[in-house]
Amino acid sequence: QPLRIDVITIFPEYLEPLRAALLGRAIERGLLEVGVHDLRDWTHDVHRAVDDAPYGGGPGMVMKPQVWGEALDDVCGEHTRLVVPTPAGRPFTQETAREYATERHLVFACGRYEGIDQRVMVDAARRMPVDEVSIGDFVLVGGEVAVLAMVEAVARLLPGVLGNPVSAEQDSFSDGLLEGPSYTRPEVWRGLTVPSVLRSGNHALIDRWRRDESLARTFHRRPDLLERLPEGSLDERDREV
Ligand SMILES: N#Cc1c(-c2ccc3cc[nH]c3c2)n[nH]c1N
């Protein structure tokens with residue numbers, strides 16, 4: 001059955017974009033299920049408080065464990081992987097997205113303020129796999145934008161979501177390299193031309209040119225990716241680029 005994704009947040013409206021465009025259509029077609037929940041539905045006080053001052057002092061507020069505990073008790077099930085976006089998380093990469101696309105149920109816990117009381121993740125890990133992940137080395141104000149990015153990265157890998165499934169294989173990072181430049185009509189635009197090899201019709205030459213462009217771009221923009229390539233990824237000719 002389709003992957004089910006649940007998101008718990010104090011700003012459910014932040015997740016509305018999941019209902020639009022390609023992802024919205026995939027949900028309508030039953031290719032995946034998405035539920036969004038307001039964390040405040042699990043509060044019991046008149047102020048619907050979800051945060052409190054940090055033990056040990058310091059700036060900002062911390063999200064209360066009790067509210068999160070009750071929300072996760074209701075939303076998580078026996079096949080759930082809990083994903084908690086945080087700047088202090090392990091890097092979320094294309095490999096992570098591929099792993100998540102094979103799961104049955106993902107629950108994303110969106111923090112705000114200075115984050116969620118750590119005991120929430122410790123308690124959840126008693127019953128299910130828990131991943132604390134980061135989408136990049138920059139600081140956001142909450143987890144919602146990270147969840148939008150992760151859900152899109154995962155959903156596009158699900159069968160039937162992308163019109164053209166081959167592109168998911170050929171996208172950047174699938175062979176460990178960055179995608180090279182792309183071009184379309186017109187042939188000349190503001191005095192700028194399209195590389196002639198792309199109009200040659202010689203597909204062996206075109207594939208070679210694209211590979212060279214990928215290698216060169218990766219070398220200049222992300223040399224770290226070249227270090228991580230599996231053994232034997234680069235042939236003699238590649239090394240000359
Ligand atoms: N993932 C991720 C994040 C975040 C993030 C996630 C959750 C909260 C909750 C309060 N502030 C947050 C920032 N910032 N930068 C990233 N790459």
# chains A, B, ... in the order shown; residues from 1 in each chain; ligands from 1
>>> residues_around(residues="A:His105", least_positions_apart="4", cutoff="12 Å", atoms="only C-alpha atoms", output="list in words")
Gln1, Pro2, Leu3, Arg4, Ile5, Asp6, Val7, Leu32, Glu33, Val34, Gly35, Val75, Cys76, Gly77, Glu78, His79, Thr80, Arg81, Leu82, Val83, Tyr100, Ala101, Met128 and Pro129 of chain A
>>> residues_around(residues="A:Ala109", least_positions_apart="4", cutoff="10 Å", atoms="only C-alpha atoms", output="ChimeraX atom specification")
/A:6-9,37,39,68,71-72,82-86,116,121,132,143-144,147
>>> closest_atom_pairs(of="chain A", to="ligand 1", cutoff="7 Å", atoms="only C-alpha atoms and all ligand atoms", output="JSON lines")
{"residue": "A:Pro85", "atom": "CA", "partner": "ligand 1", "partner_atom_place_in_ligand_line": "1 (N)", "distance": 3.6}
{"residue": "A:Thr86", "atom": "CA", "partner": "ligand 1", "partner_atom_place_in_ligand_line": "6 (C)", "distance": 3.7}
{"residue": "A:Pro87", "atom": "CA", "partner": "ligand 1", "partner_atom_place_in_ligand_line": "3 (C)", "distance": 4.1}
{"residue": "A:Gly89", "atom": "CA", "partner": "ligand 1", "partner_atom_place_in_ligand_line": "1 (N)", "distance": 6.9}
{"residue": "A:Cys110", "atom": "CA", "partner": "ligand 1", "partner_atom_place_in_ligand_line": "7 (C)", "distance": 6.3}
{"residue": "A:Gly111", "atom": "CA", "partner": "ligand 1", "partner_atom_place_in_ligand_line": "9 (C)", "distance": 3.9}
{"residue": "A:Arg112", "atom": "CA", "partner": "ligand 1", "partner_atom_place_in_ligand_line": "10 (C)", "distance": 3.8}
{"residue": "A:Tyr113", "atom": "CA", "partner": "ligand 1", "partner_atom_place_in_ligand_line": "10 (C)", "distance": 4.9}
{"residue": "A:Glu114", "atom": "CA", "partner": "ligand 1", "partner_atom_place_in_ligand_line": "10 (C)", "distance": 5.2}
{"residue": "A:Gly115", "atom": "CA", "partner": "ligand 1", "partner_atom_place_in_ligand_line": "9 (C)", "distance": 4.7}
{"residue": "A:Val133", "atom": "CA", "partner": "ligand 1", "partner_atom_place_in_ligand_line": "1 (N)", "distance": 5.7}
{"residue": "A:Ser134", "atom": "CA", "partner": "ligand 1", "partner_atom_place_in_ligand_line": "1 (N)", "distance": 3.6}
{"residue": "A:Ile135", "atom": "CA", "partner": "ligand 1", "partner_atom_place_in_ligand_line": "17 (N)", "distance": 4.1}
{"residue": "A:Gly136", "atom": "CA", "partner": "ligand 1", "partner_atom_place_in_ligand_line": "17 (N)", "distance": 4.1}
{"residue": "A:Asp137", "atom": "CA", "partner": "ligand 1", "partner_atom_place_in_ligand_line": "17 (N)", "distance": 5.7}
{"residue": "A:Phe138", "atom": "CA", "partner": "ligand 1", "partner_atom_place_in_ligand_line": "15 (N)", "distance": 4.9}
{"residue": "A:Val139", "atom": "CA", "partner": "ligand 1", "partner_atom_place_in_ligand_line": "15 (N)", "distance": 3.7}
{"residue": "A:Leu140", "atom": "CA", "partner": "ligand 1", "partner_atom_place_in_ligand_line": "14 (N)", "distance": 3.7}
{"residue": "A:Val141", "atom": "CA", "partner": "ligand 1", "partner_atom_place_in_ligand_line": "11 (N)", "distance": 4.3}
{"residue": "A:Gly142", "atom": "CA", "partner": "ligand 1", "partner_atom_place_in_ligand_line": "8 (C)", "distance": 3.7}
{"residue": "A:Gly143", "atom": "CA", "partner": "ligand 1", "partner_atom_place_in_ligand_line": "7 (C)", "distance": 3.6}
{"residue": "A:Ala146", "atom": "CA", "partner": "ligand 1", "partner_atom_place_in_ligand_line": "1 (N)", "distance": 4.9}
>>> select_by_dssp(residues="stretch 70-158 of chain A", states="strand (DSSP E or B)", output="CSV table (one decimal) with N, CA and C atoms, in the first residue's frame")
chain,number,residue,atom,x,y,z
A,80,THR,N,6.1,2.8,12.0
A,80,THR,CA,6.5,4.2,11.8
A,80,THR,C,8.0,4.4,12.0
A,81,ARG,N,8.6,5.3,11.1
A,81,ARG,CA,9.9,5.9,11.3
A,81,ARG,C,9.7,7.3,11.6
A,82,LEU,N,10.2,7.8,12.8
A,82,LEU,CA,10.0,9.2,13.2
A,82,LEU,C,11.2,10.0,12.7
A,83,VAL,N,10.9,11.1,12.0
A,83,VAL,CA,11.9,11.9,11.4
A,83,VAL,C,11.8,13.3,12.0
A,84,VAL,N,12.9,13.8,12.7
A,84,VAL,CA,12.8,15.1,13.4
A,84,VAL,C,13.9,16.0,12.7
A,85,PRO,N,13.4,17.0,12.0
A,85,PRO,CA,14.3,18.0,11.4
A,85,PRO,C,15.0,18.8,12.5
A,86,THR,N,16.3,19.0,12.4
A,86,THR,CA,17.0,19.9,13.4
A,86,THR,C,18.3,20.2,12.7
A,87,PRO,N,18.8,21.5,13.0
A,87,PRO,CA,20.1,21.9,12.5
A,87,PRO,C,21.2,21.0,13.0
A,88,ALA,N,20.9,20.3,14.1
A,88,ALA,CA,21.9,19.4,14.8
A,88,ALA,C,21.8,18.0,14.3
A,89,GLY,N,21.1,17.8,13.2
A,89,GLY,CA,20.8,16.4,12.7
A,89,GLY,C,21.9,15.9,11.8
A,90,ARG,N,21.8,14.6,11.5
A,90,ARG,CA,22.7,14.0,10.4
A,90,ARG,C,22.2,14.6,9.1
A,91,PRO,N,23.2,14.7,8.1
A,91,PRO,CA,22.8,15.3,6.8
A,91,PRO,C,21.7,14.4,6.1
A,105,HIS,N,5.6,4.1,6.7
A,105,HIS,CA,5.0,5.2,7.4
A,105,HIS,C,6.0,6.1,8.0
A,106,LEU,N,6.0,7.4,7.5
A,106,LEU,CA,7.0,8.4,8.0
A,106,LEU,C,6.2,9.4,8.8
A,107,VAL,N,6.6,9.7,10.0
A,107,VAL,CA,6.0,10.8,10.8
A,107,VAL,C,7.1,11.9,11.0
A,108,PHE,N,6.8,13.1,10.5
A,108,PHE,CA,7.8,14.2,10.6
A,108,PHE,C,7.3,15.1,11.8
A,109,ALA,N,8.2,15.4,12.8
A,109,ALA,CA,7.9,16.2,13.9
A,109,ALA,C,8.5,17.6,13.7
A,116,ILE,N,12.8,20.7,20.4
A,116,ILE,CA,11.9,19.8,21.2
A,116,ILE,C,12.7,19.2,22.3
A,130,VAL,N,14.1,6.4,15.1
A,130,VAL,CA,14.0,7.9,15.2
A,130,VAL,C,15.3,8.5,14.5
A,131,ASP,N,15.1,9.3,13.5
A,131,ASP,CA,16.2,10.0,12.8
A,131,ASP,C,16.1,11.5,13.1
A,132,GLU,N,17.2,12.1,13.6
A,132,GLU,CA,17.3,13.5,13.7
A,132,GLU,C,18.1,14.0,12.5
A,133,VAL,N,17.5,14.7,11.5
A,133,VAL,CA,18.2,15.0,10.3
A,133,VAL,C,18.2,16.5,10.0
A,134,SER,N,19.2,16.9,9.2
A,134,SER,CA,19.3,18.3,8.8
A,134,SER,C,19.4,18.4,7.3
>>> closest_atom_pairs(of="stretch 31-111 of chain A", to="stretch 150-153 of chain A", cutoff="8 Å", atoms="only C-alpha atoms", output="CSV")
residue,atom,partner,partner_atom,distance
A:Phe92,CA,A:Met150,CA,7.9
A:Gln94,CA,A:Ala153,CA,7.5
A:Ala97,CA,A:Ala153,CA,6.0
>>> atom_distance(atom1="atom CA of A:Leu177", atom2="atom CA of A:Trp189")
28.0 Å
>>> select_by_dssp(residues="stretch 57-131 of chain A", states="helix (DSSP H, G or I)", output="ChimeraX atom specification")
/A:65-75,94-100,118-124
>>> write_last_selection(atoms="C-alpha atoms", output="short mmCIF file (atom, residue, chain, number, x, y, z; two decimals), in the first residue's frame")
data_model
loop_
_atom_site.label_atom_id
_atom_site.label_comp_id
_atom_site.auth_asym_id
_atom_site.auth_seq_id
_atom_site.Cartn_x
_atom_site.Cartn_y
_atom_site.Cartn_z
CA PRO A 65 7.61 16.85 26.16
CA GLN A 66 4.09 16.05 27.37
CA VAL A 67 2.30 17.54 24.35
CA TRP A 68 4.68 15.91 21.86
CA GLY A 69 4.47 12.59 23.69
CA GLU A 70 0.68 12.47 23.43
CA ALA A 71 0.73 13.57 19.77
CA LEU A 72 3.26 10.90 18.80
CA ASP A 73 1.34 8.25 20.78
CA ASP A 74 -1.70 8.98 18.61
CA VAL A 75 -0.03 9.51 15.21
CA GLN A 94 19.59 11.73 -1.78
CA GLU A 95 20.52 8.39 -0.18
CA THR A 96 18.30 9.27 2.81
CA ALA A 97 15.49 10.12 0.42
CA ARG A 98 15.90 6.76 -1.31
CA GLU A 99 15.74 4.95 2.04
CA TYR A 100 12.66 6.87 3.17
CA GLN A 118 15.28 15.69 23.91
CA ARG A 119 13.35 13.17 26.03
CA VAL A 120 10.66 13.10 23.33
CA MET A 121 13.11 11.51 20.88
CA VAL A 122 14.58 9.25 23.59
CA ASP A 123 11.11 7.99 24.55
CA ALA A 124 10.04 7.48 20.93
#
>>> residues_around(residues="A:Arg210", least_positions_apart="2", cutoff="12 Å", atoms="only C-alpha atoms", output="ChimeraX atom specification")
/A:170,177-183,195,197-198,203-208,212-217,238,241
>>> closest_residue(among="A:Asp117, A:Asp235, A:Asp41, A:Glu16", to="A:Met63", atoms="only C-alpha atoms")
A:Asp117
>>> atom_distance(atom1="atom CA of A:Arg185", atom2="atom CA of A:Trp209")
18.9 Å
>>> atom_distance(atom1="atom CA of A:Val36", atom2="atom CA of A:Phe11")
9.6 Å
